[in-house]
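Data file: protein14.txt. Format and content: compact mmCIF, C-alpha atoms and all ligand atoms.
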# COMPACT_ATOMS: atom_id res chain seq x y z
CA MET A 1 139.37 -36.70 -86.61
CA LYS A 2 138.08 -37.47 -83.11
CA HIS A 3 134.97 -35.70 -81.85
CA SER A 4 133.04 -36.27 -78.64
CA ILE A 5 129.32 -35.81 -79.01
CA VAL A 6 126.98 -35.57 -76.04
CA LEU A 7 123.49 -36.95 -76.66
CA LEU A 8 120.61 -35.59 -74.59
CA PRO A 9 117.65 -37.74 -75.72
CA GLY A 10 115.21 -36.35 -73.13
CA ASP A 11 111.53 -37.26 -73.11
CA GLY A 12 108.70 -38.51 -75.33
CA ILE A 13 109.90 -39.14 -78.89
CA GLY A 14 113.34 -37.72 -77.96
CA PRO A 15 115.10 -41.08 -77.52
CA GLU A 16 113.53 -42.50 -80.72
CA ILE A 17 114.66 -39.65 -82.97
CA VAL A 18 118.09 -39.11 -81.38
CA GLU A 19 118.90 -42.80 -81.94
CA GLN A 20 118.23 -42.41 -85.67
CA ALA A 21 120.41 -39.29 -85.84
CA ARG A 22 123.16 -41.18 -83.99
CA LEU A 23 123.02 -44.00 -86.54
CA VAL A 24 123.31 -41.44 -89.34
CA LEU A 25 126.40 -39.96 -87.64
CA VAL A 26 127.89 -43.44 -87.31
CA ALA A 27 127.35 -43.94 -91.05
CA ILE A 28 129.11 -40.63 -91.72
CA ALA A 29 132.01 -41.61 -89.47
CA ASP A 30 132.36 -44.94 -91.30
CA ARG A 31 132.24 -43.37 -94.72
CA PHE A 32 134.69 -40.54 -94.02
CA GLY A 33 136.97 -42.25 -91.50
CA HIS A 34 136.08 -40.03 -88.53
CA GLU A 35 135.91 -41.09 -84.93
CA PHE A 36 132.79 -39.87 -83.13
CA THR A 37 132.38 -40.89 -79.51
CA PHE A 38 128.89 -40.64 -78.03
CA SER A 39 127.82 -40.30 -74.43
CA SER A 40 124.22 -40.00 -73.30
CA HIS A 41 123.12 -37.79 -70.44
CA GLN A 42 119.86 -36.88 -68.78
CA ILE A 43 117.81 -33.75 -69.23
CA GLY A 44 114.15 -32.88 -68.76
CA GLY A 45 111.45 -35.07 -67.24
CA ILE A 46 113.56 -38.20 -67.11
CA ALA A 47 116.21 -36.27 -65.19
CA ILE A 48 113.57 -35.03 -62.73
CA ASP A 49 112.42 -38.62 -62.19
CA GLU A 50 115.96 -39.89 -61.61
CA THR A 51 117.56 -36.98 -59.76
CA GLY A 52 114.89 -34.39 -58.94
CA ASP A 53 116.66 -31.88 -61.18
CA PRO A 54 115.83 -31.32 -64.90
CA LEU A 55 119.49 -30.45 -65.53
CA PRO A 56 121.80 -32.49 -63.28
CA GLN A 57 125.31 -31.11 -62.79
CA ALA A 58 126.79 -34.21 -64.47
CA THR A 59 124.94 -33.25 -67.65
CA VAL A 60 126.24 -29.69 -67.58
CA ASP A 61 129.81 -30.93 -67.01
CA ALA A 62 129.56 -33.40 -69.90
CA CYS A 63 128.16 -30.71 -72.21
CA ARG A 64 130.90 -28.24 -71.36
CA SER A 65 133.65 -30.65 -72.37
CA ALA A 66 131.91 -31.95 -75.52
CA SER A 67 132.66 -31.03 -79.15
CA ALA A 68 128.91 -30.64 -79.69
CA ILE A 69 125.56 -31.59 -78.18
CA LEU A 70 122.57 -33.24 -79.84
CA LEU A 71 119.26 -32.95 -78.02
CA GLY A 72 115.92 -34.68 -78.65
CA ALA A 73 113.16 -32.92 -76.72
CA VAL A 74 111.94 -32.44 -73.17
CA GLY A 75 108.57 -32.34 -71.47
CA GLY A 76 105.29 -34.19 -71.37
CA PRO A 77 102.00 -34.53 -69.50
CA LYS A 78 103.63 -36.47 -66.66
CA TRP A 79 105.48 -33.32 -65.57
CA ASP A 80 102.80 -30.76 -66.45
CA ASP A 81 101.44 -30.16 -62.94
CA PRO A 82 101.43 -26.33 -62.68
CA SER A 83 102.18 -26.52 -58.96
CA ALA A 84 105.28 -28.73 -59.39
CA LYS A 85 108.55 -27.33 -58.02
CA THR A 86 110.30 -27.63 -61.38
CA ARG A 87 109.57 -28.58 -64.98
CA PRO A 88 111.47 -30.39 -67.76
CA GLU A 89 111.54 -27.21 -69.85
CA ALA A 90 113.54 -25.46 -67.10
CA GLY A 91 116.42 -27.85 -67.86
CA LEU A 92 116.49 -26.81 -71.49
CA LEU A 93 116.37 -23.11 -70.66
CA ARG A 94 119.20 -23.56 -68.17
CA ILE A 95 121.54 -25.45 -70.49
CA ARG A 96 121.05 -22.72 -73.14
CA LYS A 97 121.86 -20.05 -70.56
CA GLU A 98 124.75 -21.89 -68.90
CA LEU A 99 126.50 -22.46 -72.23
CA GLY A 100 125.81 -18.90 -73.43
CA LEU A 101 123.90 -20.13 -76.50
CA PHE A 102 122.32 -16.80 -77.40
CA ALA A 103 121.75 -17.45 -81.09
CA ASN A 104 119.22 -20.01 -82.25
CA LEU A 105 119.46 -20.62 -86.00
CA ARG A 106 116.28 -22.07 -87.47
CA PRO A 107 116.42 -22.63 -91.22
CA ILE A 108 113.03 -22.94 -92.93
CA LYS A 109 113.88 -24.51 -96.22
CA LEU A 110 111.48 -26.19 -98.53
CA PHE A 111 112.53 -29.52 -99.99
CA ASP A 112 111.10 -29.41 -103.53
CA GLN A 113 109.93 -32.97 -103.07
CA LEU A 114 107.65 -31.80 -100.24
CA ALA A 115 105.85 -28.94 -102.01
CA ASP A 116 102.66 -31.02 -101.85
CA ALA A 117 103.08 -31.86 -98.16
CA SER A 118 102.55 -28.25 -97.12
CA PRO A 119 99.04 -27.23 -96.10
CA LEU A 120 99.69 -24.09 -98.16
CA ARG A 121 99.46 -23.97 -101.94
CA ALA A 122 102.62 -25.12 -103.71
CA ASP A 123 102.85 -21.85 -105.68
CA ILE A 124 103.01 -19.89 -102.41
CA VAL A 125 105.62 -22.01 -100.63
CA ARG A 126 107.87 -22.68 -103.62
CA GLY A 127 111.24 -20.94 -103.23
CA THR A 128 110.96 -20.58 -99.44
CA ASP A 129 114.41 -20.42 -97.86
CA ILE A 130 114.45 -18.41 -94.63
CA LEU A 131 117.08 -18.45 -91.90
CA PHE A 132 115.67 -17.30 -88.57
CA PHE A 133 117.98 -16.00 -85.86
CA ARG A 134 116.01 -16.29 -82.64
CA GLU A 135 117.61 -14.61 -79.62
CA LEU A 136 117.74 -17.45 -77.09
CA THR A 137 119.05 -16.37 -73.69
CA GLY A 138 117.19 -13.12 -73.02
CA GLY A 139 113.82 -11.45 -73.32
CA ILE A 140 110.67 -12.52 -71.54
CA TYR A 141 111.90 -16.11 -71.13
CA PHE A 142 114.50 -14.97 -68.64
CA GLY A 143 112.73 -11.91 -67.22
CA GLU A 144 111.98 -11.36 -63.58
CA SER A 145 108.83 -13.24 -62.63
CA GLY A 146 106.63 -13.79 -59.64
CA SER A 147 103.15 -13.99 -58.27
CA SER A 148 101.21 -12.59 -55.38
CA GLY A 149 97.73 -12.12 -53.97
CA GLU A 150 94.81 -14.47 -53.58
CA GLY A 151 91.39 -15.11 -55.04
CA GLU A 152 90.42 -12.65 -57.77
CA ASP A 153 93.53 -10.61 -56.87
CA GLU A 154 95.91 -13.48 -57.57
CA THR A 155 98.44 -11.98 -60.00
CA ALA A 156 101.45 -13.26 -61.93
CA TYR A 157 104.00 -11.37 -63.96
CA GLN A 158 107.05 -11.96 -66.12
CA SER A 159 109.02 -9.03 -67.39
CA MET A 160 110.66 -8.62 -70.77
CA THR A 161 114.14 -7.14 -70.86
CA TYR A 162 116.72 -6.66 -73.58
CA SER A 163 120.09 -4.97 -73.25
CA ARG A 164 122.02 -3.17 -75.95
CA ARG A 165 124.71 -5.89 -75.76
CA GLU A 166 122.18 -8.68 -76.28
CA VAL A 167 120.62 -7.01 -79.31
CA LYS A 168 123.94 -6.12 -80.92
CA ARG A 169 125.46 -9.59 -80.83
CA ILE A 170 122.45 -11.37 -82.34
CA VAL A 171 121.92 -8.70 -85.02
CA ARG A 172 125.62 -8.89 -85.94
CA MET A 173 125.47 -12.65 -86.25
CA ALA A 174 122.32 -12.52 -88.39
CA ALA A 175 123.67 -9.73 -90.62
CA THR A 176 126.92 -11.64 -91.14
CA ALA A 177 124.89 -14.68 -92.22
CA ALA A 178 122.86 -12.49 -94.59
CA ARG A 179 126.07 -11.46 -96.36
CA GLY A 180 126.71 -15.10 -97.17
CA ARG A 181 123.20 -15.56 -98.56
CA SER A 182 120.93 -13.13 -100.45
CA ASN A 183 122.15 -10.12 -98.44
CA ARG A 184 118.74 -9.33 -96.96
CA LEU A 185 117.93 -9.02 -93.26
CA THR A 186 114.52 -8.45 -91.66
CA SER A 187 114.26 -7.56 -87.99
CA VAL A 188 110.96 -8.43 -86.32
CA ASP A 189 109.75 -6.61 -83.20
CA LYS A 190 106.73 -5.04 -81.55
CA ALA A 191 108.16 -1.53 -81.28
CA ASN A 192 104.73 0.08 -81.55
CA VAL A 193 103.89 -1.29 -78.08
CA LEU A 194 106.85 -2.73 -76.17
CA GLU A 195 109.71 -0.74 -74.65
CA PRO A 196 112.36 -3.50 -75.14
CA SER A 197 111.30 -3.69 -78.79
CA ARG A 198 111.92 0.03 -79.16
CA LEU A 199 115.47 -0.45 -77.83
CA TRP A 200 115.85 -3.48 -80.12
CA ARG A 201 114.78 -1.45 -83.16
CA ARG A 202 117.11 1.47 -82.34
CA VAL A 203 120.16 -0.68 -81.64
CA ALA A 204 119.55 -2.92 -84.66
CA ALA A 205 119.34 0.14 -86.93
CA GLU A 206 122.61 1.48 -85.51
CA VAL A 207 124.46 -1.81 -86.00
CA MET A 208 123.16 -2.11 -89.55
CA ALA A 209 124.04 1.48 -90.52
CA GLU A 210 127.50 1.41 -88.94
CA GLU A 211 128.66 -2.12 -89.68
CA PHE A 212 126.48 -3.55 -92.45
CA PRO A 213 125.52 -0.68 -94.80
CA ASP A 214 125.78 -3.15 -97.71
CA VAL A 215 123.05 -5.45 -96.34
CA ASN A 216 119.45 -4.70 -97.37
CA TYR A 217 117.68 -4.18 -94.10
CA ASP A 218 114.05 -3.73 -93.10
CA VAL A 219 111.85 -4.03 -90.01
CA VAL A 220 108.45 -5.69 -89.68
CA LEU A 221 106.07 -5.82 -86.72
CA VAL A 222 105.59 -9.33 -85.35
CA ASP A 223 101.82 -9.52 -85.91
CA SER A 224 102.27 -8.42 -89.49
CA MET A 225 105.14 -10.91 -89.90
CA ALA A 226 102.84 -13.76 -88.87
CA MET A 227 100.68 -12.85 -91.85
CA HIS A 228 103.49 -12.22 -94.36
CA LEU A 229 105.01 -15.63 -93.56
CA ILE A 230 101.89 -17.33 -94.86
CA ASN A 231 101.25 -14.93 -97.71
CA ARG A 232 104.71 -14.42 -99.25
CA PRO A 233 107.27 -16.64 -97.47
CA ALA A 234 109.64 -16.72 -100.44
CA ASP A 235 110.30 -12.97 -100.05
CA PHE A 236 112.30 -13.37 -96.82
CA ASP A 237 115.97 -14.28 -96.45
CA VAL A 238 117.46 -13.85 -92.95
CA VAL A 239 115.12 -12.86 -90.12
CA VAL A 240 116.29 -11.77 -86.67
CA THR A 241 113.97 -11.52 -83.69
CA GLY A 242 113.61 -11.92 -79.92
CA ASN A 243 113.18 -15.10 -77.95
CA MET A 244 109.39 -15.36 -77.71
CA PHE A 245 108.58 -13.99 -81.17
CA GLY A 246 111.13 -16.38 -82.68
CA ASP A 247 109.65 -19.35 -80.85
CA ILE A 248 106.17 -18.66 -82.17
CA LEU A 249 107.06 -17.55 -85.71
CA THR A 250 109.23 -20.60 -86.37
CA ASP A 251 106.53 -23.07 -85.31
CA GLU A 252 104.22 -21.20 -87.68
CA ALA A 253 106.87 -21.27 -90.41
CA SER A 254 107.32 -25.02 -89.93
CA MET A 255 104.11 -25.55 -91.85
CA LEU A 256 105.70 -24.06 -94.98
CA PRO A 257 107.92 -27.11 -95.54
CA GLY A 258 105.05 -29.37 -94.46
CA SER A 259 105.80 -30.51 -90.93
CA LEU A 260 107.36 -29.54 -87.64
CA GLY A 261 109.10 -32.90 -87.99
CA MET A 262 111.39 -31.52 -90.71
CA LEU A 263 112.92 -28.51 -88.97
CA PRO A 264 116.33 -28.53 -87.28
CA SER A 265 118.01 -25.84 -85.23
CA ALA A 266 121.43 -24.86 -83.96
CA SER A 267 122.04 -22.93 -80.75
CA LEU A 268 125.37 -21.14 -80.75
CA GLY A 269 127.35 -18.83 -78.49
CA GLU A 270 130.53 -16.81 -78.93
CA SER A 271 132.59 -19.95 -78.26
CA GLY A 272 132.27 -23.45 -76.85
CA PRO A 273 130.09 -26.34 -77.98
CA GLY A 274 126.89 -25.73 -79.93
CA LEU A 275 123.63 -27.45 -79.12
CA TYR A 276 121.60 -28.97 -81.95
CA GLU A 277 117.98 -30.01 -81.77
CA PRO A 278 114.78 -30.27 -83.75
CA ILE A 279 112.50 -27.27 -83.17
CA HIS A 280 109.60 -29.53 -82.25
CA GLY A 281 108.84 -30.92 -78.82
CA SER A 282 108.50 -34.36 -77.26
CA ALA A 283 105.24 -35.09 -79.15
CA PRO A 284 103.62 -37.05 -76.29
CA ASP A 285 100.68 -37.94 -78.56
CA ILE A 286 102.88 -40.19 -80.71
CA ALA A 287 105.69 -41.13 -78.29
CA GLY A 288 106.53 -44.83 -78.15
CA LYS A 289 104.62 -45.61 -81.36
CA GLY A 290 107.68 -45.61 -83.61
CA ILE A 291 106.09 -43.19 -86.05
CA ALA A 292 107.85 -39.89 -85.26
CA ASN A 293 109.66 -38.19 -88.11
CA PRO A 294 113.42 -38.35 -87.33
CA LEU A 295 114.42 -36.02 -90.19
CA ALA A 296 114.46 -32.79 -88.14
CA THR A 297 116.95 -34.38 -85.73
CA ILE A 298 118.96 -35.89 -88.57
CA LEU A 299 119.12 -32.44 -90.21
CA ALA A 300 120.14 -31.00 -86.81
CA ALA A 301 123.03 -33.49 -86.84
CA ALA A 302 124.00 -32.09 -90.26
CA MET A 303 123.98 -28.57 -88.81
CA MET A 304 126.19 -29.85 -86.00
CA LEU A 305 128.74 -31.21 -88.47
CA ARG A 306 128.77 -27.91 -90.34
CA HIS A 307 128.78 -25.39 -87.48
CA SER A 308 130.63 -27.14 -84.65
CA LEU A 309 132.87 -29.68 -86.39
CA SER A 310 133.57 -27.87 -89.70
CA LEU A 311 132.67 -31.03 -91.63
CA ASN A 312 130.89 -29.38 -94.54
CA ASP A 313 131.02 -32.22 -97.07
CA GLU A 314 129.64 -34.57 -94.45
CA ALA A 315 126.79 -32.14 -93.63
CA ASP A 316 126.02 -31.73 -97.34
CA LEU A 317 125.87 -35.49 -97.73
CA ILE A 318 123.30 -35.86 -94.92
CA GLU A 319 121.13 -33.14 -96.48
CA ALA A 320 121.42 -34.77 -99.90
CA ALA A 321 120.50 -38.14 -98.38
CA VAL A 322 117.38 -36.61 -96.81
CA ALA A 323 116.42 -35.03 -100.15
CA GLY A 324 117.07 -38.45 -101.72
CA VAL A 325 114.74 -40.40 -99.46
CA LEU A 326 112.02 -37.78 -100.00
CA ALA A 327 112.56 -38.04 -103.77
CA ASP A 328 112.13 -41.80 -103.40
CA GLY A 329 108.66 -41.04 -102.05
CA LEU A 330 109.35 -42.10 -98.47
CA ARG A 331 107.14 -40.30 -95.95
CA THR A 332 106.53 -40.58 -92.22
CA SER A 333 102.87 -40.13 -91.30
CA ASP A 334 103.21 -36.40 -90.52
CA LEU A 335 104.25 -35.85 -94.17
CA ALA A 336 101.89 -38.31 -95.81
CA ARG A 337 98.91 -36.00 -96.03
CA GLY A 338 95.76 -38.04 -96.58
CA ASP A 339 97.72 -41.21 -97.28
CA SER A 340 98.94 -42.38 -93.90
CA ASP A 341 98.61 -46.06 -94.90
CA SER A 342 101.74 -45.83 -97.00
CA ALA A 343 103.72 -44.01 -94.30
CA ILE A 344 106.87 -45.55 -92.89
CA GLY A 345 108.07 -45.45 -89.28
CA THR A 346 110.92 -43.73 -87.47
CA GLU A 347 113.42 -46.58 -87.81
CA ALA A 348 112.65 -47.20 -91.48
CA MET A 349 113.14 -43.51 -92.28
CA GLY A 350 116.44 -43.43 -90.37
CA ALA A 351 117.61 -46.61 -92.11
CA ALA A 352 116.74 -45.15 -95.53
CA VAL A 353 118.93 -42.11 -94.84
CA VAL A 354 121.75 -44.34 -93.57
CA ALA A 355 121.50 -46.46 -96.73
CA LYS A 356 122.00 -43.38 -98.93
CA ILE A 357 125.08 -42.36 -96.92
CA ALA A 358 126.61 -45.82 -96.78
CA LYS A 359 126.56 -46.14 -100.59
P1 LIG B 1 105.24 -30.77 -80.05
O1 LIG B 1 106.17 -30.07 -80.93
O2 LIG B 1 105.80 -31.82 -79.16
O3 LIG B 1 104.06 -31.43 -80.91
C1 LIG B 1 103.16 -30.65 -81.70
C2 LIG B 1 102.50 -31.57 -82.75
O4 LIG B 1 103.47 -31.90 -83.75
C3 LIG B 1 102.02 -32.90 -82.17
O5 LIG B 1 100.84 -33.29 -82.81
C4 LIG B 1 103.14 -33.86 -82.53
O6 LIG B 1 102.73 -35.20 -82.67
C5 LIG B 1 103.67 -33.29 -83.84
N1 LIG B 1 105.08 -33.56 -84.00
C6 LIG B 1 106.10 -32.94 -83.35
N2 LIG B 1 107.28 -33.47 -83.71
C7 LIG B 1 107.00 -34.45 -84.59
C8 LIG B 1 107.81 -35.39 -85.32
N3 LIG B 1 109.14 -35.42 -85.21
N4 LIG B 1 107.19 -36.27 -86.14
C9 LIG B 1 105.85 -36.24 -86.27
N5 LIG B 1 105.04 -35.41 -85.62
C10 LIG B 1 105.62 -34.51 -84.78
O7 LIG B 1 104.50 -29.65 -79.19
P2 LIG B 1 103.52 -29.78 -77.92
O8 LIG B 1 102.65 -30.98 -78.09
O9 LIG B 1 102.93 -28.47 -77.77
O10 LIG B 1 104.50 -30.00 -76.69
C11 LIG B 1 104.75 -31.28 -76.09
C12 LIG B 1 105.82 -31.12 -75.03
O11 LIG B 1 107.06 -30.81 -75.66
C13 LIG B 1 105.56 -30.00 -74.02
O12 LIG B 1 105.94 -30.48 -72.76
C14 LIG B 1 106.48 -28.88 -74.48
O13 LIG B 1 106.89 -28.04 -73.44
C15 LIG B 1 107.63 -29.66 -75.03
N6 LIG B 1 108.43 -28.97 -76.02
C16 LIG B 1 109.78 -29.19 -75.98
C17 LIG B 1 110.59 -28.64 -76.92
C18 LIG B 1 112.06 -28.91 -76.84
O14 LIG B 1 112.47 -29.80 -76.13
N7 LIG B 1 112.89 -28.20 -77.56
C19 LIG B 1 110.05 -27.89 -77.97
C20 LIG B 1 108.68 -27.67 -78.00
C21 LIG B 1 107.86 -28.24 -77.04
C1 LIG B 2 111.60 -24.65 -78.32
C2 LIG B 2 110.66 -24.95 -77.18
C3 LIG B 2 111.23 -24.38 -75.89
C4 LIG B 2 111.22 -22.87 -76.06
C5 LIG B 2 110.52 -24.77 -74.58
C6 LIG B 2 110.30 -26.22 -74.46
C7 LIG B 2 111.31 -24.26 -73.41
O1 LIG B 2 109.37 -24.52 -77.45
O2 LIG B 2 112.76 -25.06 -78.26
O3 LIG B 2 111.16 -24.02 -79.28
O4 LIG B 2 110.17 -22.22 -75.89
O5 LIG B 2 112.29 -22.33 -76.35
MN MN B 3 109.10 -23.80 -79.48
Spit out the file's structure as C-alpha cells when you get a sec.
Ligand code: NAD
Ligand code: IPM
Ligand code: MN
Amino acid sequence: MKHSIVLLPGDGIGPEIVEQARLVLVAIADRFGHEFTFSSHQIGGIAIDETGDPLPQATVDACRSASAILLGAVGGPKWDDPSAKTRPEAGLLRIRKELGLFANLRPIKLFDQLADASPLRADIVRGTDILFFRELTGGIYFGESGSSGEGEDETAYQSMTYSRREVKRIVRMAATAARGRSNRLTSVDKANVLEPSRLWRRVAAEVMAEEFPDVNYDVVLVDSMAMHLINRPADFDVVVTGNMFGDILTDEASMLPGSLGMLPSASLGESGPGLYEPIHGSAPDIAGKGIANPLATILAAAMMLRHSLSLNDEADLIEAAVAGVLADGLRTSDLARGDSDSAIGTEAMGAAVVAKIAK
C-alpha cells in the first residue's frame, strides 16, 4: 500500500528524533512491502526564521493532502522574546485547529523493563496503563485574550470557553475507547470553581447516562487528580479532560514510565489526517548533542500506523521492538538513572529498534 507521510521536524531535538522515527518506518515498509513516501515541511521557529510565519501555507497544504503527519517539536530560547510578533508554539496550535484535531490521545503505559527508571517506587507504578483524552482545540488555549493598561494597572487576560458540542465529541470518543479497554472512564475538571468545568461535568454526565450506561464512569477534580496520579496510577483506565488540564497532567504522568522521552501522542479529528508527536518539547538543553531519546517519536509513528493507516501488525511490531531494546538493557541518558556513562545516543537507540524490525 502507498501512503504519503508529512514530516514536520521543527526545532531543537525535533529533527534528530524524527529522523530516527523515519528510519523505523522505512524498516517497516521494507519488511511488510509497503510504500511510504516522506516529505518534510517547516513549522515552528525554523519556519519563522525562513518565512516569518510559524505555519507557512505550504505546510498546511501538504498536511491536508497527507495520509498522516509526524511532528518532532517546536520552540526554543531563540524565539522566546515575549514581545515578539509570533512564536513557534502558535504554529502548532494553528495546525491542530486548522485540521480539526480535537482529540489528543496520550497513552501512559509502563514498559515492565522500565519499572526501575521511574522516580516513583516500582510497586506504585507497576500496572500503570492510562489513556488520556486531552481536548485539543478549545478551552483556555483558544479563548479570547488581550491586554490593556500601563504600569501597575497593566492587565492581561485569556478566557476559558467550552461548548456543549466540544465536550460531547471528546467524551464520546473517550468513552468509546474505554469500551475497548477496561470499561472505565474518569472525567477530570475543576467544576467547584470554573463555569466551563460545570458545563463540562453536566454534559459529560448526560452523554455517559444516555449513550454509555455500561461504562463505569466517575469524575475527579484536577487538583485531586494530580495527587491520585502519583499515589495510585494503576487505578485509572481512560481519562478525559480539557486542554490545559490534559497538558499538565500528562507531563506529570510521564514520570510514571520514567521519562518524558517515552511518551507518544496522537491528535485526531472526525476525519482527515491525524498528527502524531511525542508529548515532550524541543528540549533545547540537549539539542544537537545526539543524546535525545527517540522512543517517544518512534512510538508516535506506531500510533500513526495504527490509527491513520490501519496497519496494526506493523504498529505492534514497533512496540515490541521498543520493548525488546529496553529488555536488552539499552537506555538513553534520560532513562539511565544514576548510570549515564552506559547510556547510548539517539542514533544508536534508533538503530537498535530498526535492527529488531529488520530481523
Ligand atoms: P521539554 O519537553 O522540551 O523538556 C523538558 C525536559 O525534558 C528537559 O530537561 C529535556 O531535556 C527533557 N526531555 C524532553 N524530551 C526529551 C527526550 N526525547 N529525551 C531526553 N530528554 C528529553 O520542555 P521545555 O524545556 O519546557 O520546553 C522547551 C521548548 O519546547 C519550549 O519552547 C516549549 O514551548 C516547547 N514545547 C513544545 C512542544 C511541542 O512541540 N509539542 C511540547 C512541549 C514544549
Ligand atoms: C504540548 C505542548 C504544547 C501544548 C505547546 C508547545 C503549544 O506543551 O504539545 O503538550 O501546550 O499543547
Ligand atoms: Mn505540553
Return the single residue from A:Glu270, A:Asp129, A:Glu195, A:Asp153 that is closest to Pro107 of chain A, with distances computed using all atoms listed in the file.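 So, comparing all the options, the nearest one is A:Asp129.
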Each chain A residue no farther than 7 Å from ligand LIG 2 (chain B), nearest pair in Å, all atoms listed in the file, as a tab-separated table:
residue	atom	partner	partner_atom	distance
A:Val74	CA	B:LIG2	C6	6.6
A:Glu89	CA	B:LIG2	C7	4.6
A:Ala90	CA	B:LIG2	C7	6.8
A:Leu92	CA	B:LIG2	C7	6.1
A:Leu93	CA	B:LIG2	C7	5.9
A:Asp247	CA	B:LIG2	O3	5.2
A:Ile279	CA	B:LIG2	O3	5.2
A:His280	CA	B:LIG2	O3	6.5
A:Gly281	CA	B:LIG2	C2	6.5
Could you list, as a list in words, all the residues within 7 Å of ligand LIG 1 (chain B), counting all atoms listed in the file?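 So, counting all atoms listed in the file, the residues near ligand LIG 1 (chain B) are Gly72, Ala73, Val74, Gly75, Gly76, Pro77, Glu89, Leu92, Leu260, Gly261, Glu277, Pro278, Ile279, His280, Gly281, Ser282, Ala283, Pro284, Asp285, Ile286, Ile291, Ala292, Asn293, Pro294, Ala296 and Asp334 of chain A.
Omitting Glu206 of chain A and its sequence neighbours fewer than 2 positions away, and counting all atoms listed in the file, the residues within 12 Å are Arg164, Val167, Lys168, Val171, Arg172, Leu199, Trp200, Arg201, Arg202, Val203, Ala204, Met208, Ala209, Glu210, Glu211, Phe212, Pro213 and Tyr217 of chain A.
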Selected residue, from A:Leu275, A:Leu110, A:Leu249, A:Ile344, that lies nearest to ligand MN 3 (chain B) when counting all atoms listed in the file: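 Smallest distance to ligand MN 3 (chain B) is found for A:Leu249.
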Write out as an NGL selection string each polymer residue whose atoms come within 9 Å of Met1 of chain A, counting only C-alpha atoms; drop sequence neighbours fewer than 3 positions from it. :A and (33-36)
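Atom to atom, atom CA of Leu263 of chain A and atom CA of Pro119 of chain A stand 15.7 Å apart.
Residue nearest Asn183 of chain A, chosen from A:Thr332, A:Asn216, A:Asn243, A:Gln57 and counting only C-alpha atoms: A:Asn216.
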When you count all atoms listed in the file, which of these residues is closest to Glu252 of chain A: A:Ala336, A:Ile108, A:Ala302, A:Val322?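 Looking only at the distances to Glu252 of chain A, the closest residue turns out to be A:Ile108.
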Counting all atoms listed in the file, which residue out of A:Arg94, A:Glu16, A:Lys2, A:Leu114 sits closest to Gly345 of chain A?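 The closest residue to Gly345 of chain A is A:Glu16.
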Please complete segment 181-193 of chain A so it has N, CA and C atoms, and hand it over as a PDB file, in the coordinates of the input.
ATOM      1  N   ARG A 181     124.391 -15.043 -97.877  1.00  0.00           N
ATOM      2  CA  ARG A 181     123.200 -15.560 -98.560  1.00  0.00           C
ATOM      3  C   ARG A 181     122.709 -14.522 -99.571  1.00  0.00           C
ATOM      4  N   SER A 182     121.434 -14.095 -99.455  1.00  0.00           N
ATOM      5  CA  SER A 182     120.930 -13.130-100.450  1.00  0.00           C
ATOM      6  C   SER A 182     121.074 -11.687 -99.989  1.00  0.00           C
ATOM      7  N   ASN A 183     121.817 -11.478 -98.905  1.00  0.00           N
ATOM      8  CA  ASN A 183     122.150 -10.120 -98.440  1.00  0.00           C
ATOM      9  C   ASN A 183     120.926  -9.317 -97.995  1.00  0.00           C
ATOM     10  N   ARG A 184     119.923 -10.027 -97.446  1.00  0.00           N
ATOM     11  CA  ARG A 184     118.740  -9.330 -96.960  1.00  0.00           C
ATOM     12  C   ARG A 184     118.484  -9.729 -95.521  1.00  0.00           C
ATOM     13  N   LEU A 185     118.227  -8.732 -94.663  1.00  0.00           N
ATOM     14  CA  LEU A 185     117.930  -9.020 -93.260  1.00  0.00           C
ATOM     15  C   LEU A 185     116.649  -8.293 -92.858  1.00  0.00           C
ATOM     16  N   THR A 186     115.757  -9.034 -92.197  1.00  0.00           N
ATOM     17  CA  THR A 186     114.520  -8.450 -91.660  1.00  0.00           C
ATOM     18  C   THR A 186     114.554  -8.593 -90.149  1.00  0.00           C
ATOM     19  N   SER A 187     114.348  -7.487 -89.444  1.00  0.00           N
ATOM     20  CA  SER A 187     114.260  -7.560 -87.990  1.00  0.00           C
ATOM     21  C   SER A 187     112.790  -7.480 -87.596  1.00  0.00           C
ATOM     22  N   VAL A 188     112.367  -8.376 -86.711  1.00  0.00           N
ATOM     23  CA  VAL A 188     110.960  -8.430 -86.320  1.00  0.00           C
ATOM     24  C   VAL A 188     110.826  -8.027 -84.855  1.00  0.00           C
ATOM     25  N   ASP A 189     109.933  -7.081 -84.577  1.00  0.00           N
ATOM     26  CA  ASP A 189     109.750  -6.610 -83.200  1.00  0.00           C
ATOM     27  C   ASP A 189     108.309  -6.185 -82.986  1.00  0.00           C
ATOM     28  N   LYS A 190     108.060  -5.596 -81.848  1.00  0.00           N
ATOM     29  CA  LYS A 190     106.730  -5.040 -81.550  1.00  0.00           C
ATOM     30  C   LYS A 190     106.963  -3.646 -80.977  1.00  0.00           C
ATOM     31  N   ALA A 191     107.710  -2.834 -81.766  1.00  0.00           N
ATOM     32  CA  ALA A 191     108.160  -1.530 -81.280  1.00  0.00           C
ATOM     33  C   ALA A 191     107.033  -0.517 -81.163  1.00  0.00           C
ATOM     34  N   ASN A 192     105.868  -0.837 -81.712  1.00  0.00           N
ATOM     35  CA  ASN A 192     104.730   0.080 -81.550  1.00  0.00           C
ATOM     36  C   ASN A 192     104.104  -0.035 -80.159  1.00  0.00           C
ATOM     37  N   VAL A 193     104.502  -1.081 -79.406  1.00  0.00           N
ATOM     38  CA  VAL A 193     103.890  -1.290 -78.080  1.00  0.00           C
ATOM     39  C   VAL A 193     104.927  -1.495 -76.977  1.00  0.00           C
TER      40      VAL A 193
END
